[in-house]
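Note: the block below is start-v4.txt and it holds compact mmCIF, C-alpha atoms.
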# COMPACT_ATOMS: atom_id res chain seq x y z
CA MET A 1 0.00 0.00 0.00
CA LYS A 2 1.37 3.40 -0.99
CA ILE A 3 0.55 6.64 0.84
CA ALA A 4 1.54 10.11 -0.38
CA ILE A 5 2.16 12.69 2.35
CA ASP A 6 2.44 16.45 2.00
CA ALA A 7 5.67 16.87 3.97
CA MET A 8 5.47 20.68 4.03
CA GLY A 9 1.95 21.08 5.44
CA GLY A 10 1.38 21.91 9.11
CA ASP A 11 2.89 24.02 11.86
CA HIS A 12 5.80 21.65 12.51
CA ALA A 13 6.63 20.56 8.98
CA PRO A 14 8.70 18.93 7.73
CA LYS A 15 10.43 17.59 10.86
CA GLU A 16 7.41 16.18 12.71
CA ILE A 17 5.87 14.93 9.45
CA VAL A 18 9.03 13.01 8.64
CA LEU A 19 9.33 11.60 12.16
CA GLY A 20 5.71 10.47 12.02
CA ALA A 21 6.30 8.82 8.65
CA LEU A 22 9.31 6.94 10.04
CA LYS A 23 7.25 5.77 13.00
CA ALA A 24 4.51 4.57 10.64
CA VAL A 25 6.72 2.50 8.33
CA GLU A 26 8.30 0.83 11.33
CA ALA A 27 4.87 -0.07 12.70
CA PHE A 28 3.28 -1.16 9.40
CA PRO A 29 5.46 -3.36 7.16
CA ASP A 30 2.83 -3.31 4.39
CA ILE A 31 3.01 0.42 3.60
CA GLU A 32 5.29 2.58 1.48
CA ILE A 33 5.34 6.35 1.95
CA THR A 34 6.15 9.09 -0.52
CA LEU A 35 7.06 12.39 1.12
CA VAL A 36 6.36 15.36 -1.14
CA GLY A 37 8.31 18.52 -0.39
CA ASP A 38 11.71 20.18 -0.18
CA GLU A 39 14.19 17.29 -0.37
CA ASN A 40 16.96 19.15 1.44
CA LYS A 41 14.74 20.01 4.40
CA ILE A 42 13.25 16.52 4.51
CA LYS A 43 16.67 14.88 4.57
CA GLU A 44 17.64 16.91 7.63
CA THR A 45 15.38 14.54 9.58
CA LEU A 46 14.91 11.50 7.36
CA THR A 47 17.19 8.59 8.07
CA SER A 48 17.69 6.06 5.32
CA HIS A 49 14.65 3.86 4.81
CA ASP A 50 13.87 1.67 1.81
CA ARG A 51 10.08 2.23 2.10
CA ILE A 52 10.17 6.03 2.14
CA SER A 53 10.79 7.99 -1.06
CA ILE A 54 10.81 11.71 -1.81
CA ILE A 55 9.27 13.82 -4.56
CA HIS A 56 11.10 17.13 -4.54
CA THR A 57 9.31 20.45 -4.78
CA THR A 58 9.84 23.82 -3.15
CA ASP A 59 6.31 25.08 -3.82
CA VAL A 60 4.04 25.13 -0.78
CA ILE A 61 0.41 26.15 -0.19
CA LEU A 62 0.38 28.43 2.84
CA GLY A 63 -2.31 28.70 5.47
CA THR A 64 -3.01 32.23 4.27
CA ASP A 65 -3.53 31.21 0.62
CA GLU A 66 -7.02 31.28 -0.87
CA PRO A 67 -7.72 27.52 -1.19
CA VAL A 68 -9.21 27.11 -4.68
CA ARG A 69 -6.95 29.68 -6.31
CA ALA A 70 -3.87 28.14 -4.68
CA VAL A 71 -4.70 24.63 -5.90
CA ARG A 72 -5.31 25.87 -9.44
CA ARG A 73 -2.24 28.09 -9.64
CA LYS A 74 0.31 26.15 -7.60
CA LYS A 75 0.34 22.95 -9.62
CA ASN A 76 3.70 21.92 -8.16
CA ALA A 77 2.83 22.59 -4.54
CA SER A 78 3.55 19.68 -2.20
CA MET A 79 -0.12 19.20 -1.34
CA VAL A 80 -1.27 19.21 -4.97
CA LEU A 81 1.46 16.79 -6.04
CA ALA A 82 0.52 14.42 -3.20
CA ALA A 83 -3.10 14.45 -4.41
CA GLN A 84 -1.90 13.99 -8.00
CA GLN A 85 -0.10 10.80 -6.95
CA VAL A 86 -3.50 9.39 -5.98
CA ALA A 87 -5.18 10.63 -9.15
CA ASP A 88 -2.45 9.01 -11.26
CA GLY A 89 -2.79 5.71 -9.42
CA THR A 90 0.75 5.90 -8.06
CA ALA A 91 -0.53 6.15 -4.48
CA ASP A 92 -3.58 4.60 -2.82
CA ALA A 93 -4.24 7.53 -0.49
CA CYS A 94 -2.85 10.88 0.60
CA LEU A 95 -2.77 13.06 3.67
CA SER A 96 -1.74 16.56 4.70
CA ALA A 97 -1.61 18.70 7.83
CA GLY A 98 -1.74 21.85 5.71
CA ASN A 99 -4.42 24.31 4.61
CA THR A 100 -7.78 22.56 5.16
CA GLY A 101 -9.64 24.41 2.42
CA ALA A 102 -6.87 23.74 -0.07
CA LEU A 103 -6.85 20.02 0.73
CA MET A 104 -10.61 19.88 0.20
CA ALA A 105 -10.15 21.68 -3.14
CA ALA A 106 -7.32 19.31 -4.12
CA GLY A 107 -9.51 16.37 -3.16
CA LEU A 108 -12.36 17.59 -5.36
CA PHE A 109 -10.41 18.85 -8.36
CA VAL A 110 -7.49 16.41 -8.41
CA VAL A 111 -8.63 13.16 -6.75
CA GLY A 112 -12.28 13.55 -7.75
CA ARG A 113 -15.66 12.82 -6.20
CA ILE A 114 -17.50 9.50 -6.12
CA GLU A 115 -20.35 9.46 -8.61
CA GLY A 116 -23.61 9.85 -6.73
CA ILE A 117 -22.14 11.80 -3.81
CA ASP A 118 -23.57 15.30 -3.98
CA ARG A 119 -21.12 16.85 -1.55
CA PRO A 120 -18.09 15.42 0.27
CA ALA A 121 -17.91 15.75 4.06
CA LEU A 122 -15.01 16.44 6.39
CA ALA A 123 -15.19 14.13 9.40
CA PRO A 124 -12.92 13.87 12.44
CA THR A 125 -13.36 11.34 15.24
CA LEU A 126 -13.91 13.30 18.45
CA PRO A 127 -13.31 12.00 21.98
CA THR A 128 -15.91 10.66 24.39
CA LEU A 129 -15.59 10.19 28.13
CA GLY A 130 -15.54 6.42 27.68
CA GLY A 131 -12.71 6.62 25.17
CA GLU A 132 -14.68 5.17 22.23
CA GLY A 133 -14.97 8.42 20.27
CA PHE A 134 -17.62 9.46 17.75
CA LEU A 135 -17.50 10.53 14.12
CA LEU A 136 -18.80 14.03 13.40
CA LEU A 137 -19.65 15.08 9.86
CA ASP A 138 -19.65 17.55 8.29
CA VAL A 139 -17.27 19.96 10.07
CA GLY A 140 -16.69 22.42 7.29
CA ALA A 141 -16.49 20.95 3.81
CA ASN A 142 -19.86 22.61 3.08
CA ALA A 143 -21.38 25.38 5.16
CA ASP A 144 -24.88 24.62 3.90
CA ALA A 145 -26.55 21.26 3.40
CA LYS A 146 -29.76 19.66 2.20
CA PRO A 147 -31.51 16.75 3.94
CA GLU A 148 -30.24 14.38 1.22
CA HIS A 149 -26.66 15.42 2.00
CA LEU A 150 -27.10 14.52 5.68
CA LEU A 151 -28.38 11.11 4.64
CA GLN A 152 -25.28 10.57 2.52
CA TYR A 153 -23.10 11.72 5.43
CA ALA A 154 -24.79 9.14 7.66
CA ILE A 155 -24.24 6.35 5.13
CA MET A 156 -20.56 7.23 4.65
CA GLY A 157 -19.98 7.61 8.39
CA SER A 158 -21.64 4.28 9.17
CA ILE A 159 -19.51 2.43 6.62
CA TYR A 160 -16.37 4.01 8.02
CA CYS A 161 -17.26 3.05 11.59
CA GLN A 162 -18.02 -0.52 10.52
CA LYS A 163 -14.88 -1.03 8.43
CA VAL A 164 -12.28 1.02 10.31
CA ARG A 165 -13.51 1.26 13.90
CA GLY A 166 -15.02 -2.23 14.02
CA ILE A 167 -18.51 -1.18 15.17
CA SER A 168 -20.95 -3.74 13.79
CA ASN A 169 -24.07 -1.57 13.92
CA PRO A 170 -23.07 2.10 14.38
CA ARG A 171 -25.61 4.36 16.08
CA VAL A 172 -26.40 7.39 13.94
CA GLY A 173 -27.60 10.60 15.56
CA LEU A 174 -28.84 13.85 14.02
CA LEU A 175 -27.47 16.91 15.81
CA ASN A 176 -30.39 19.06 16.89
CA ILE A 177 -31.59 21.50 19.55
CA GLY A 178 -33.69 18.82 21.25
CA THR A 179 -34.30 15.09 21.14
CA GLU A 180 -37.97 15.30 20.19
CA GLU A 181 -38.79 14.20 16.63
CA LYS A 182 -40.41 17.49 15.58
CA LYS A 183 -37.64 19.72 16.95
CA GLY A 184 -35.37 21.86 14.78
CA ASN A 185 -35.50 23.76 11.50
CA ASP A 186 -36.62 22.60 8.07
CA LEU A 187 -33.26 20.92 7.41
CA THR A 188 -33.29 18.74 10.51
CA LYS A 189 -37.00 17.91 10.28
CA HIS A 190 -36.69 16.64 6.71
CA ALA A 191 -33.37 14.95 7.43
CA PHE A 192 -34.97 13.14 10.39
CA ASP A 193 -37.58 11.58 8.09
CA LEU A 194 -34.92 10.45 5.59
CA LEU A 195 -32.68 8.96 8.27
CA LYS A 196 -35.60 7.24 9.98
CA SER A 197 -36.57 5.42 6.78
CA ALA A 198 -33.00 4.54 5.76
CA ASN A 199 -31.26 1.23 6.40
CA LEU A 200 -29.31 2.68 9.32
CA HIS A 201 -29.26 2.31 13.10
CA PHE A 202 -30.76 5.76 13.56
CA VAL A 203 -31.15 6.74 17.22
CA GLY A 204 -32.88 10.05 16.52
CA ASN A 205 -31.98 13.60 17.44
CA VAL A 206 -29.02 14.18 19.75
CA GLU A 207 -28.05 17.33 21.60
CA ALA A 208 -24.59 18.89 21.64
CA ARG A 209 -24.32 18.56 25.42
CA ASP A 210 -24.53 14.76 25.14
CA LEU A 211 -21.93 14.23 22.41
CA LEU A 212 -18.97 13.57 24.70
CA ASN A 213 -21.05 11.05 26.64
CA GLY A 214 -21.07 8.77 23.60
CA VAL A 215 -24.74 9.15 22.71
CA ALA A 216 -24.00 8.06 19.11
CA ASP A 217 -21.17 6.64 17.03
CA VAL A 218 -21.92 8.86 14.01
CA VAL A 219 -23.36 12.37 14.34
CA VAL A 220 -24.45 14.27 11.23
CA THR A 221 -25.04 17.98 10.75
CA ASP A 222 -24.35 20.78 8.26
CA GLY A 223 -20.77 22.02 7.96
CA PHE A 224 -21.45 25.41 9.56
CA THR A 225 -22.85 23.86 12.75
CA GLY A 226 -20.32 21.02 12.75
CA ASN A 227 -17.36 23.38 12.53
CA MET A 228 -18.61 25.40 15.50
CA VAL A 229 -19.09 22.21 17.54
CA LEU A 230 -15.57 21.05 16.62
CA LYS A 231 -13.98 24.36 17.64
CA THR A 232 -16.04 24.47 20.83
CA VAL A 233 -14.97 20.97 21.90
CA GLU A 234 -11.33 21.70 21.12
CA GLY A 235 -11.38 25.11 22.82
CA THR A 236 -13.18 23.84 25.90
CA ALA A 237 -10.70 21.00 26.39
CA LEU A 238 -7.72 23.37 26.07
CA SER A 239 -9.27 25.90 28.44
CA MET A 240 -10.08 23.25 31.04
CA PHE A 241 -6.50 22.02 31.10
CA LYS A 242 -5.19 25.58 31.38
CA MET A 243 -7.48 26.25 34.34
CA LEU A 244 -6.53 22.93 35.91
CA LYS A 245 -2.82 23.68 35.49
CA THR A 246 -3.25 27.14 37.05
CA THR A 247 -5.09 25.64 40.02
CA LEU A 248 -2.55 22.85 40.56
CA MET A 249 0.38 25.29 40.43
CA SER A 250 -1.20 27.80 42.83
CA SER A 251 0.39 26.52 46.04
CA PHE A 252 3.02 24.15 47.38
CA LYS A 253 0.34 21.73 48.55
CA SER A 254 -1.39 21.65 45.16
CA LYS A 255 1.96 21.16 43.41
CA LEU A 256 2.55 18.05 45.50
CA ALA A 257 -0.90 16.79 44.52
CA ALA A 258 -0.13 17.54 40.86
CA ALA A 259 3.03 15.44 41.02
CA ILE A 260 1.06 12.48 42.35
CA LEU A 261 -1.75 12.92 39.81
CA LYS A 262 0.48 13.56 36.79
CA PRO A 263 0.12 10.07 35.19
CA ASN A 264 -3.67 10.21 35.56
CA LEU A 265 -3.82 13.74 34.16
CA MET A 266 -1.74 12.72 31.15
CA GLN A 267 -4.10 9.80 30.53
CA LEU A 268 -7.07 12.18 30.69
CA LYS A 269 -5.34 14.57 28.30
CA ASN A 270 -4.78 11.78 25.78
CA THR A 271 -8.43 10.70 26.11
CA LEU A 272 -9.60 14.20 25.20
CA ASP A 273 -7.04 14.73 22.43
CA TYR A 274 -8.79 13.98 19.16
CA SER A 275 -5.50 13.85 17.24
CA GLU A 276 -4.98 10.48 18.97
CA TYR A 277 -7.85 9.13 16.84
CA GLY A 278 -6.18 10.20 13.58
CA GLY A 279 -7.09 13.00 11.21
CA ALA A 280 -10.30 14.18 9.63
CA ALA A 281 -11.30 12.07 6.63
CA LEU A 282 -12.72 13.64 3.48
CA PHE A 283 -15.59 11.28 2.71
CA GLY A 284 -17.08 11.11 -0.76
CA LEU A 285 -13.85 11.16 -2.79
CA LYS A 286 -12.54 8.42 -5.09
CA ALA A 287 -9.69 7.58 -2.69
CA PRO A 288 -8.87 8.18 0.99
CA VAL A 289 -7.80 11.77 1.65
CA ILE A 290 -6.99 12.60 5.28
CA LYS A 291 -6.55 16.01 6.88
CA ALA A 292 -4.21 15.79 9.87
CA HIS A 293 -4.39 18.47 12.53
CA GLY A 294 -2.40 21.59 11.65
CA SER A 295 -0.35 21.33 14.84
CA SER A 296 0.38 17.63 14.34
CA ASN A 297 3.47 16.25 16.01
CA ALA A 298 5.04 12.93 15.03
CA ARG A 299 2.55 10.92 17.08
CA ALA A 300 -0.47 12.67 15.58
CA LEU A 301 0.92 12.20 12.06
CA TYR A 302 1.48 8.52 12.82
CA SER A 303 -2.15 8.23 13.96
CA ALA A 304 -3.28 9.83 10.70
CA VAL A 305 -1.20 7.37 8.66
CA ARG A 306 -2.68 4.48 10.64
CA GLN A 307 -6.17 5.78 9.89
CA THR A 308 -5.34 6.22 6.19
CA ARG A 309 -3.98 2.69 5.99
CA GLU A 310 -7.10 1.24 7.61
CA MET A 311 -9.40 3.14 5.24
CA ALA A 312 -7.53 1.86 2.20
CA ALA A 313 -7.12 -1.69 3.50
CA ASN A 314 -10.82 -2.00 4.33
CA ASN A 315 -11.94 -0.54 1.00
CA VAL A 316 -14.07 2.14 2.66
CA VAL A 317 -14.32 4.12 -0.60
CA GLY A 318 -15.50 1.07 -2.54
CA GLN A 319 -18.10 0.26 0.11
CA ILE A 320 -19.40 3.84 0.05
CA LYS A 321 -19.64 3.78 -3.73
CA GLN A 322 -21.53 0.48 -3.73
CA THR A 323 -23.96 1.56 -0.99
CA ILE A 324 -24.71 4.90 -2.67
CA GLU A 325 -25.45 3.10 -5.96
CA GLU A 326 -27.77 0.64 -4.18
CA THR A 327 -29.55 3.46 -2.37
CA LYS A 328 -30.18 5.35 -5.59
CA GLN A 329 -31.45 2.21 -7.32
CA LYS A 330 -33.79 1.56 -4.41
CA HIS A 331 -35.31 5.01 -4.78
CA GLY A 332 -35.46 4.73 -8.58
CA GLU A 333 -33.00 7.54 -9.24
Could you take the file, read its structure, and then write that structure out as structure tokens?
Amino acid sequence: MKIAIDAMGGDHAPKEIVLGALKAVEAFPDIEITLVGDENKIKETLTSHDRISIIHTTDVILGTDEPVRAVRRKKNASMVLAAQQVADGTADACLSAGNTGALMAAGLFVVGRIEGIDRPALAPTLPTLGGEGFLLLDVGANADAKPEHLLQYAIMGSIYCQKVRGISNPRVGLLNIGTEEKKGNDLTKHAFDLLKSANLHFVGNVEARDLLNGVADVVVTDGFTGNMVLKTVEGTALSMFKMLKTTLMSSFKSKLAAAILKPNLMQLKNTLDYSEYGGAALFGLKAPVIKAHGSSNARALYSAVRQTREMAANNVVGQIKQTIEETKQKHGE
């Protein structure tokens, strides 16, 4: 299995990207990695390895670049070339920790969309208190959505959870302002009816306050709402740990307690760190495309490679394509 990685994307590129790639090839003997980026900078960290190759380019899409324009104009950018490897069939999947909008544009314009998928969805796995995690989609690939799009998100998310996370019958929830069937706006009311009649384990409406309790395995919403939920979860977790650190460092007695609790606090931190679950998958494309967190270190990049490998090995894209075709045939489309 071959995975193309944008070595220049992310806050700590290329060093942490390269270290994560090295960790991945050591852990998974069945993968080969192509690092796309500045060869001289990559080789500052890369030790010799027969399953890691380099495609040299000095062009990079920056976080400040306008996504679509950058993908169209910077044809030799590391991110675009990584996606092109997939489009050409040289790689089975690609990932980047770079500009999210640009990766979505590269996924659409270079890798291409599955026929029958109206709109792709960006979906990270977020933490739950029990450690199982839940898949949230969409978190920003599309600000607006139609009920049919949410149904497709639910189908794609369920297949992913079955094939990659090993959940035999994933619970699908519709993010809403209440659990009652008639709650919400026109989008959620119509989406509820579609999800209820679909061949899914639909558990109904779920509220944002219950997400971290593991109320569902797959939660669907429009990209505008999903992005706000994602940023809220991330920001709340960071703020809580800052407040906890301030409290534990406030006196000699609390510092002693902190020293005793340090292993437990680190375990809690890892439980609430969604980079431990991998990156955010772009569902609906012809091949796996993964967006790693922009601040990814080597461990987070390794987790994203593991996720990418599992998606490709379990033929998630093929399963999505087949299910979407069957769904359309069922409805006579």
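Distances here use only C-alpha atoms; by that measure, the residue among A:Val164, A:Ala145, A:Leu129, A:Val206 closest to A:Glu180 is A:Val206.
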| field | Atomic distance atom CA of A:Leu22 - atom CA of A:Lys286, expressed in Å with one decimal | value | 26.6 Å
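Of the listed residues A:Val305, A:Ile3, A:Val289, A:Ala141, the one whose atoms come nearest to A:Thr225 is A:Ala141, with distances taken using all atoms listed in the file.
Candidate residues A:Arg299, A:Asp88, A:His12, A:Ser96 were compared for distance to A:Leu35, and the nearest is A:Ser96, using only C-alpha atoms.
The coordinates place atom CA of A:Val203 at 14.3 Å from atom CA of A:Lys182.
Considering all atoms listed in the file, the residue among A:Ile5, A:Ala280, A:Val80, A:Ile17 positioned nearest to A:Val60 is A:Val80.
Interatomic distance, atom CA of A:Leu212 against atom CA of A:Tyr153: 19.8 Å.
Nearest to A:Lys291 of all the residues A:Ala304, A:Met311, A:Val71, A:Ile117 is A:Ala304, counting only C-alpha atoms.
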| message | For A:Val18, find every residue with an atom within 9 Å (counting all atoms listed in the file), except residues of its own chain fewer than 2 positions away, and show them as a VMD selection string. | response | chain A and resid 7 13 to 16 20 to 23 35 42 to 43 45 to 46 298 301
What would the file look like if the residues just selected were written as a PDB file, in the coordinates of the input with C-alpha atoms?
ATOM      1  CA  ALA A   7       5.670  16.870   3.970  1.00  0.00           C
ATOM      2  CA  ALA A  13       6.630  20.560   8.980  1.00  0.00           C
ATOM      3  CA  PRO A  14       8.700  18.930   7.730  1.00  0.00           C
ATOM      4  CA  LYS A  15      10.430  17.590  10.860  1.00  0.00           C
ATOM      5  CA  GLU A  16       7.410  16.180  12.710  1.00  0.00           C
ATOM      6  CA  GLY A  20       5.710  10.470  12.020  1.00  0.00           C
ATOM      7  CA  ALA A  21       6.300   8.820   8.650  1.00  0.00           C
ATOM      8  CA  LEU A  22       9.310   6.940  10.040  1.00  0.00           C
ATOM      9  CA  LYS A  23       7.250   5.770  13.000  1.00  0.00           C
ATOM     10  CA  LEU A  35       7.060  12.390   1.120  1.00  0.00           C
ATOM     11  CA  ILE A  42      13.250  16.520   4.510  1.00  0.00           C
ATOM     12  CA  LYS A  43      16.670  14.880   4.570  1.00  0.00           C
ATOM     13  CA  THR A  45      15.380  14.540   9.580  1.00  0.00           C
ATOM     14  CA  LEU A  46      14.910  11.500   7.360  1.00  0.00           C
ATOM     15  CA  ALA A 298       5.040  12.930  15.030  1.00  0.00           C
ATOM     16  CA  LEU A 301       0.920  12.200  12.060  1.00  0.00           C
TER      17      LEU A 301
END
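Within the 12 Å cut-off around A:Lys189, using all atoms listed in the file and omitting residues fewer than 3 positions from it on the same chain, the listed residues are Lys146, Pro147, Glu148, Leu150, Leu174, Leu175, Asn176, Ile177, Gly178, Thr179, Glu180, Glu181, Lys182, Lys183, Gly184, Asn185, Asp186, Phe192, Asp193, Leu194, Leu195, Lys196, Gly204, Asn205 and Thr221 of chain A.
The shortest atom-to-atom distance to A:Thr308, with only C-alpha atoms taken into account, belongs to A:Asp92 out of A:Asp38, A:Glu26, A:Glu132, A:Asp92.
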| message | Tell me which residues come within 10 Å of (-11.6, 12.9, -8.3), as a PyMOL selection string, counting only C-alpha atoms in the file's coordinates. | response | chain A and resi 83-84+86-87+106-115+284-287
